[in-house]
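Asks: Sending over upload_35.cif (mmCIF, C-alpha atoms).
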data_start
loop_
_atom_site.label_atom_id
_atom_site.label_comp_id
_atom_site.auth_asym_id
_atom_site.auth_seq_id
_atom_site.Cartn_x
_atom_site.Cartn_y
_atom_site.Cartn_z
CA MET A 272 -82.09 19.52 -90.91
CA SER A 273 -81.87 20.71 -87.35
CA LEU A 274 -80.02 18.54 -84.85
CA ARG A 275 -82.17 19.88 -82.01
CA GLN A 276 -85.60 18.34 -81.75
CA PRO A 277 -88.61 20.02 -80.14
CA THR A 278 -90.16 18.67 -76.95
CA TRP A 279 -93.86 17.73 -77.00
CA GLN A 280 -96.53 17.75 -74.30
CA VAL A 281 -100.23 16.95 -74.61
CA LYS A 282 -102.47 19.46 -72.81
CA ASN A 283 -106.02 18.75 -71.58
CA GLU A 284 -105.87 15.05 -72.36
CA GLY A 285 -109.23 13.67 -73.36
CA SER A 286 -111.64 14.79 -76.05
CA PHE A 287 -110.44 18.40 -76.27
CA ALA A 288 -106.68 17.90 -76.35
CA SER A 289 -104.02 20.23 -77.68
CA VAL A 290 -100.24 19.91 -77.97
CA TYR A 291 -97.70 22.32 -76.51
CA VAL A 292 -94.42 22.20 -78.45
CA THR A 293 -91.22 23.73 -77.07
CA LEU A 294 -88.80 24.56 -79.85
CA GLN A 295 -85.10 24.67 -79.09
CA PRO A 296 -83.04 27.32 -80.94
CA ASN A 297 -83.11 26.69 -84.70
CA SER A 298 -85.41 23.66 -84.33
CA THR A 299 -88.33 22.84 -86.63
CA PHE A 300 -91.42 20.64 -86.86
CA HIS A 301 -94.23 20.26 -89.41
CA CYS A 302 -97.97 20.04 -88.85
CA GLU A 303 -101.31 19.91 -90.62
CA SER A 304 -102.46 23.14 -92.26
CA ASP A 305 -104.25 25.57 -89.89
CA ALA A 306 -103.27 23.56 -86.78
CA VAL A 307 -101.25 26.33 -85.10
CA ILE A 308 -103.23 28.21 -82.40
CA THR A 309 -100.54 30.49 -80.99
CA MET A 310 -96.74 30.86 -81.04
CA SER A 311 -94.04 32.94 -79.40
CA GLN A 312 -92.45 35.98 -81.06
CA ASN A 313 -89.34 34.20 -82.31
CA VAL A 314 -91.30 31.39 -84.01
CA ASP A 315 -92.35 31.62 -87.64
CA VAL A 316 -94.58 29.52 -89.92
CA CYS A 317 -94.57 28.93 -93.66
CA GLY A 318 -96.23 26.60 -96.15
CA SER A 319 -94.18 23.63 -97.24
CA MET A 320 -94.83 21.20 -100.09
CA SER A 321 -93.47 18.10 -98.40
CA GLY A 322 -92.26 15.52 -100.90
CA GLY A 323 -92.80 17.71 -103.97
CA ILE A 324 -95.76 18.42 -106.25
CA LEU A 325 -96.81 14.80 -106.79
CA ALA A 326 -96.72 14.04 -103.07
CA GLY A 327 -98.80 17.15 -102.38
CA LEU A 328 -101.34 16.19 -105.02
CA ALA A 329 -101.54 12.67 -103.62
CA ARG A 330 -102.20 13.98 -100.10
CA ALA A 331 -104.82 16.48 -101.25
CA PHE A 332 -106.74 14.37 -103.75
CA LEU A 333 -106.31 10.82 -102.45
CA THR A 334 -106.35 11.19 -98.66
CA ARG A 335 -108.14 14.57 -98.36
CA GLU A 336 -105.22 16.04 -96.40
CA SER A 337 -103.87 19.51 -97.14
CA PHE A 338 -101.81 20.12 -100.29
CA PHE A 339 -99.38 22.19 -98.22
CA THR A 340 -98.13 21.28 -94.76
CA THR A 341 -97.16 23.96 -92.25
CA LYS A 342 -93.51 24.28 -91.25
CA VAL A 343 -93.01 25.78 -87.78
CA GLN A 344 -89.49 27.02 -87.02
CA ASN A 345 -87.72 28.81 -84.19
CA ASN A 346 -85.53 31.39 -85.93
CA SER A 347 -83.60 32.38 -82.80
CA ALA A 348 -80.09 31.02 -82.38
CA ASN A 349 -80.04 31.30 -78.58
CA GLN A 350 -83.63 31.45 -77.27
CA SER A 351 -86.28 28.76 -77.01
CA GLY A 352 -89.73 29.26 -78.48
CA ASP A 353 -93.10 27.56 -78.24
CA ALA A 354 -96.23 26.83 -80.25
CA LEU A 355 -99.65 25.46 -79.33
CA ILE A 356 -101.36 23.26 -81.92
CA ALA A 357 -104.63 21.32 -82.04
CA PRO A 358 -106.81 19.47 -84.57
CA SER A 359 -109.70 21.43 -86.05
CA ASP A 360 -112.27 18.99 -84.62
CA PRO A 361 -112.52 18.07 -80.91
CA GLY A 362 -110.78 14.84 -80.02
CA GLY A 363 -107.89 13.18 -78.27
CA VAL A 364 -104.24 13.47 -79.26
CA THR A 365 -101.45 11.00 -78.56
CA LEU A 366 -97.69 11.22 -79.09
CA HIS A 367 -96.05 8.21 -80.72
CA ARG A 368 -92.27 7.92 -80.72
CA LEU A 369 -91.11 6.54 -84.06
CA VAL A 370 -87.83 4.64 -84.01
CA ARG A 371 -85.56 4.03 -86.97
CA GLY A 372 -86.95 1.33 -89.25
CA GLU A 373 -90.50 1.58 -87.87
CA GLU A 374 -93.46 2.64 -90.01
CA MET A 375 -96.95 3.61 -88.90
CA THR A 376 -100.09 3.56 -91.05
CA LEU A 377 -102.50 6.44 -90.37
CA SER A 378 -106.11 6.72 -91.42
CA SER A 379 -107.09 9.87 -93.28
CA GLY A 380 -107.29 12.84 -90.91
CA ALA A 381 -105.17 11.25 -88.14
CA TYR A 382 -101.95 13.18 -88.88
CA LEU A 383 -101.55 16.31 -86.75
CA ALA A 384 -97.81 17.06 -86.51
CA ALA A 385 -94.37 15.48 -86.38
CA ASP A 386 -90.68 16.17 -85.96
CA GLU A 387 -88.72 17.36 -88.97
CA ALA A 388 -87.09 13.92 -89.39
CA VAL A 389 -90.46 12.16 -89.68
CA ASN A 390 -91.78 11.75 -93.22
CA VAL A 391 -95.54 11.46 -93.81
CA ALA A 392 -96.59 10.34 -97.30
CA SER A 393 -99.67 8.88 -98.96
CA SER A 394 -100.02 5.12 -99.24
CA MET A 395 -102.41 2.89 -101.15
CA GLN A 396 -103.98 -0.40 -100.14
CA SER A 397 -105.11 -2.97 -102.65
CA PRO A 398 -108.49 -1.86 -104.09
CA PHE A 399 -109.56 -5.53 -104.08
CA SER A 400 -108.80 -6.18 -100.40
CA MET A 401 -111.58 -6.64 -97.86
CA PHE A 402 -109.63 -4.52 -95.38
CA GLY A 403 -109.34 -1.56 -97.73
CA ASN A 404 -113.03 -1.56 -98.64
CA TYR A 405 -114.71 -2.45 -95.35
CA SER A 406 -112.35 -1.32 -92.56
CA GLY A 407 -113.65 2.26 -92.67
CA THR A 408 -110.16 3.63 -93.38
CA GLY A 409 -110.46 3.73 -97.17
CA ILE A 410 -108.01 2.59 -99.82
CA PHE A 411 -105.75 5.63 -99.56
CA LEU A 412 -103.94 6.08 -96.25
CA LEU A 413 -100.91 7.86 -94.83
CA ARG A 414 -97.56 6.23 -94.01
CA ALA A 415 -95.24 7.75 -91.38
CA SER A 416 -91.57 6.78 -91.27
CA GLY A 417 -88.30 8.14 -89.93
CA GLN A 418 -87.28 8.89 -86.37
CA GLY A 419 -88.93 11.29 -83.94
CA THR A 420 -92.26 12.26 -82.39
CA LEU A 421 -95.53 11.82 -84.30
CA ALA A 422 -98.69 13.54 -83.03
CA ILE A 423 -101.86 11.61 -83.92
CA SER A 424 -105.40 12.94 -83.47
CA ALA A 425 -108.65 11.05 -82.95
CA TYR A 426 -112.38 11.67 -82.96
CA GLY A 427 -113.27 11.31 -79.29
CA SER A 428 -110.76 9.87 -76.84
CA MET A 429 -107.71 7.87 -77.91
CA HIS A 430 -106.92 4.33 -76.75
CA LYS A 431 -103.65 2.45 -77.28
CA TYR A 432 -103.16 -1.32 -77.44
CA ILE A 433 -99.78 -3.05 -77.61
CA LEU A 434 -99.97 -6.55 -79.12
CA ALA A 435 -97.40 -9.23 -78.37
CA PRO A 436 -96.15 -11.53 -81.16
CA GLY A 437 -99.03 -13.76 -82.26
CA GLU A 438 -101.62 -11.87 -80.19
CA THR A 439 -104.74 -10.79 -82.09
CA ARG A 440 -107.32 -8.08 -81.49
CA SER A 441 -110.49 -7.16 -83.41
CA VAL A 442 -111.61 -3.56 -83.82
CA ASP A 443 -114.96 -2.30 -85.08
CA ASN A 444 -114.61 -0.63 -88.48
CA GLY A 445 -114.64 3.15 -88.30
CA HIS A 446 -112.71 3.28 -85.02
CA LEU A 447 -109.22 2.80 -86.44
CA VAL A 448 -106.75 5.68 -86.14
CA ALA A 449 -103.23 4.27 -86.63
CA TRP A 450 -101.35 0.98 -86.41
CA THR A 451 -97.92 -0.52 -87.01
CA ALA A 452 -97.55 -0.96 -90.76
CA SER A 453 -95.95 -4.41 -90.50
CA MET A 454 -98.91 -5.96 -88.66
CA LYS A 455 -101.07 -8.56 -90.39
CA THR A 456 -104.59 -7.23 -91.05
CA SER A 457 -107.81 -8.86 -92.19
CA MET A 458 -111.60 -8.53 -91.98
CA LYS A 459 -113.79 -10.98 -90.11
CA LEU A 460 -117.27 -11.35 -88.66
CA ALA A 461 -117.71 -9.80 -85.25
CA SER A 462 -118.93 -13.15 -83.89
CA ALA A 463 -117.39 -16.28 -85.37
CA ARG A 464 -119.72 -18.51 -83.37
CA ALA A 465 -122.97 -16.72 -84.23
CA GLY A 466 -122.13 -16.52 -87.92
CA ILE A 467 -123.37 -13.93 -90.42
CA LEU A 468 -126.88 -13.61 -88.99
CA GLY A 469 -125.67 -13.26 -85.41
CA SER A 470 -123.01 -10.70 -86.37
CA MET A 471 -125.45 -8.58 -88.35
CA THR A 472 -128.28 -8.68 -85.79
CA SER A 473 -125.85 -7.71 -83.02
CA GLY A 474 -125.19 -4.41 -84.82
CA GLU A 475 -121.46 -5.10 -85.07
CA GLY A 476 -121.19 -6.72 -88.50
CA LEU A 477 -117.57 -6.80 -89.67
CA HIS A 478 -114.51 -6.22 -87.50
CA CYS A 479 -110.88 -5.48 -88.41
CA SER A 480 -108.45 -8.11 -87.14
CA PHE A 481 -104.82 -7.33 -86.24
CA GLU A 482 -102.02 -9.74 -85.36
CA GLY A 483 -99.00 -8.62 -83.35
CA PRO A 484 -96.38 -7.62 -82.72
CA GLY A 485 -97.33 -3.97 -83.02
CA VAL A 486 -99.33 -1.02 -81.72
CA ILE A 487 -102.93 -0.05 -82.48
CA TYR A 488 -104.50 3.35 -81.79
CA ILE A 489 -108.29 3.50 -81.85
CA GLN A 490 -110.84 6.27 -81.28
CA SER A 491 -113.85 6.02 -78.99
CA HIS A 492 -116.31 7.48 -81.52
CA LYS A 493 -116.96 7.14 -85.23
CA PRO A 494 -116.93 10.26 -87.46
CA SER A 495 -120.43 11.51 -88.24
CA VAL A 496 -122.21 10.67 -91.48
CA GLY A 497 -123.44 13.66 -93.50
CA SER A 498 -126.82 14.04 -95.16
CA ASP A 499 -125.28 12.83 -98.43
CA GLY A 500 -124.33 9.53 -96.77
CA VAL A 501 -120.60 10.33 -96.81
CA THR A 502 -118.57 9.69 -93.68
CA ARG A 503 -116.72 12.82 -92.61
CA ASN A 504 -113.08 12.63 -91.59
CA ARG A 505 -111.57 14.20 -88.54
CA ASN A 506 -110.04 17.64 -89.07
CA GLY A 507 -112.74 18.64 -91.54
CA GLY A 508 -111.88 16.11 -94.24
CA GLY A 509 -114.29 14.33 -96.51
CA SER A 510 -114.76 10.70 -97.38
CA SER A 511 -112.04 8.47 -96.05
CA ALA A 512 -112.11 6.56 -99.33
CA GLY A 513 -110.63 9.57 -101.13
CA ASN A 514 -112.00 11.82 -103.82
CA PRO A 515 -112.75 9.91 -107.07
CA ILE A 516 -112.45 13.08 -109.17
CA GLY A 517 -109.21 13.89 -107.40
CA VAL A 518 -107.87 10.43 -108.17
CA CYS A 519 -108.57 10.98 -111.88
CA ILE A 520 -106.89 14.41 -111.81
CA PHE A 521 -103.86 13.00 -110.01
CA LEU A 522 -103.49 10.16 -112.51
CA LEU A 523 -103.92 12.56 -115.44
CA VAL A 524 -101.21 14.89 -114.13
CA PHE A 525 -98.89 11.93 -113.55
CA ILE A 526 -99.47 10.59 -117.09
CA LEU A 527 -98.89 14.04 -118.63
CA LEU A 528 -95.62 14.45 -116.71
CA LEU A 529 -94.52 10.97 -117.78
CA LEU A 530 -95.36 11.66 -121.44
CA GLY A 531 -93.53 14.98 -121.25
CA PHE A 532 -90.43 13.23 -119.93
CA VAL A 533 -90.54 10.59 -122.67
CA PHE A 534 -91.10 13.27 -125.32
CA ALA A 535 -88.13 15.30 -124.04
CA VAL A 536 -85.82 12.26 -124.01
CA TYR A 537 -86.90 10.98 -127.43
CA PHE A 538 -87.01 14.24 -129.35
CA GLY A 539 -84.45 16.18 -127.35
CA SER A 540 -81.44 14.10 -128.44
CA PRO A 541 -79.75 15.63 -131.53
CA THR A 542 -79.73 13.57 -134.71
CA PRO A 543 -77.02 14.14 -137.36
CA SER A 544 -78.19 15.51 -140.71
CA TYR A 545 -76.43 14.61 -143.94
CA GLU A 546 -76.43 16.54 -147.19
CA HIS A 547 -75.47 14.96 -150.47
CA THR A 548 -72.89 17.06 -152.25
CA GLY A 549 -72.53 15.00 -155.39
CA GLY A 550 -70.19 12.20 -156.21
CA ASN A 551 -69.10 10.32 -153.13
CA GLY A 552 -69.26 13.33 -150.81
CA TYR A 553 -71.67 13.76 -147.89
CA ARG A 554 -71.64 16.84 -145.69
CA SER A 555 -72.51 16.41 -142.00
CA GLY A 556 -72.13 19.33 -139.59
CA GLN A 557 -68.60 20.67 -139.71
CA GLN A 558 -67.08 17.69 -141.55
CA GLN A 559 -67.36 16.32 -145.08
CA TYR A 560 -67.06 12.66 -145.98
CA ASP A 561 -65.29 12.14 -149.30
CA GLY A 562 -64.47 8.71 -150.58
CA GLY A 563 -63.57 7.09 -147.26
CA HIS A 564 -61.85 10.17 -145.79
CA TYR A 565 -63.14 13.00 -143.54
CA ARG A 566 -62.03 16.52 -144.22
CA ARG A 567 -63.10 19.67 -142.42
CA ASN A 568 -65.36 22.08 -144.27
CA GLU A 569 -63.96 25.45 -145.04
CA PHE A 570 -66.24 28.48 -144.83
#
Now that the file is in, can you turn its structure into structure tokens?

Replies:
Amino acid sequence: MSLRQPTWQVKNEGSFASVYVTLQPNSTFHCESDAVITMSQNVDVCGSMSGGILAGLARAFLTRESFFTTKVQNNSANQSGDALIAPSDPGGVTLHRLVRGEEMTLSSGAYLAADEAVNVASSMQSPFSMFGNYSGTGIFLLRASGQGTLAISAYGSMHKYILAPGETRSVDNGHLVAWTASMKTSMKLASARAGILGSMTSGEGLHCSFEGPGVIYIQSHKPSVGSDGVTRNRNGGGSSAGNPIGVCIFLLVFILLLLGFVFAVYFGSPTPSYEHTGGNGYRSGQQQYDGGHYRRNEF
């Protein structure tokens, strides 16, 4: 891992943002597949399977992210390099500085890029929770941890809210981008006073409730709904709830790998074989048991 971290700068802040990354000699960062627009001559890119095969399958099938992430590296030992990256769909981009011990939860499609020391992996909410089913984020999300810069993309412009301890804020479902993983979350009616009828007739319905301390990033617009009734993710993804067929494939691969491991452990250990030689003698491997004494076989 490189000790030199890149420097990040958001260009054209608003709904058509991009990120200009300056790479120090021998520095590296990772980003979403096909996010690199241009790079200097001493910078190289390659596909990376972050976290291994299972982690790649989980990202691709459960959160509709790419199976491979792109690793961008400055190969020069004495010259700086640069790269310009952007999400595939128009929208805002914000840079969040992760500190050690902090974790951020990202909705599907929100991850754009991060420092090498930042780990982005799939995460699962309870399939029986109101938040997972009605928040618009889906059951399968992304979890970012480590230390460094995390670039987050939105559909439309990005807005940041910092909540003090005990402070609450409600957000319309479908507008969530990222939030501090340790925050308390729940679903509630948009209007507690008006009740169910008032909330539904207002067009708001259910809202996501967050309790501080923590940070919330929201987007100004909801992703469009296709003709098939499926909500499209940012960056060209599909349903934020994940791919049901992909979930089955992922679970099948995991079960097969687990059975293969158990089979190898159970049947791979050698078992001694004994051959009766008559009388009180039993032959096992290179030794022969004869009436309470072992003696080596002679060939």

Asks: Under the rule that only C-alpha atoms are counted, which of A:Gln490, A:Ser304, A:Ser394, A:Asn297 is the nearest residue to Gly445 in chain A?

Replies: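 Residue with the minimum atom-to-atom distance to Gly445 in chain A: A:Gln490.
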
Asks: Could you state the separation of CA of Gly485 in chain A and CA of Lys455 in chain A in Å, given to one decimal place?

Replies: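 Atom-to-atom, CA of Gly485 in chain A to CA of Lys455 in chain A, that is 9.5 Å.
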
Asks: Have a look at CA of Val281 in chain A and CA of Leu294 in chain A and let me know their distance in Å, one decimal.

Replies: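 Here the two named atoms are 14.7 Å from each other.
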
Asks: Restricting the calculation to all atoms listed in the file, which member of A:Ala415, A:Val307, A:Ile489, A:Ala425 is positioned closest to Thr376 in chain A?

Replies: A:Ala415

Asks: Can you pull out the residues contacting Arg371 in chain A? Cut-off 10 Å, using all atoms listed in the file, and skip same-chain residues under 6 positions away; I want them as a PyMOL selection string.

Replies: chain A and resi 389+416-419

Asks: Select, counting all atoms listed in the file, all protein, DNA and RNA residues no farther than 10 Å from (-103.9, 3.4, -83.8) in file coordinates, and express the selection as a list in words.

Replies: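 Selection result: Thr365, His367, Met375, Thr376, Leu377, Ser378, Ala381, Ile423, Ser424, Ala425, Met429, His430, Lys431, Tyr432, Ile433, His446, Leu447, Val448, Ala449, Trp450, Thr451, Gly485, Val486, Ile487, Tyr488, Ile489 and Gln490 of chain A.
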
Asks: Closest to Ser319 in chain A among A:Phe300, A:Tyr426, A:Phe339, A:Tyr537, using all atoms listed in the file?

Replies: A:Phe339

Asks: So for range 528-534 of chain A, what box centre and size do we get, axis-aligned, 3 Å extra on each of the six sides, every listed atom, Å to one decimal, as lines of an AutoDock Vina configuration file?

Replies:
center_x = -93.0
center_y = 12.8
center_z = -121.0
size_x = 11.2
size_y = 10.4
size_z = 14.6

Asks: Env of Ser428 in chain A: 6 Å cut, atoms = all atoms listed in the file, seq-sep filter 2 positions within chain, self excluded. Answer as a list in words.

Replies: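 Those residues are Gly285, Ser286, Gly362, Gly363, Gln490 and Ser491 of chain A.
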
Asks: In terms of the shortest atom-to-atom distance over all atoms listed in the file, which of A:Phe287, A:Leu421, A:Ala306, A:Val292 is closest to Pro361 in chain A?

Replies: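 When distances to Pro361 in chain A are compared using all atoms listed in the file, the smallest one comes from A:Phe287.
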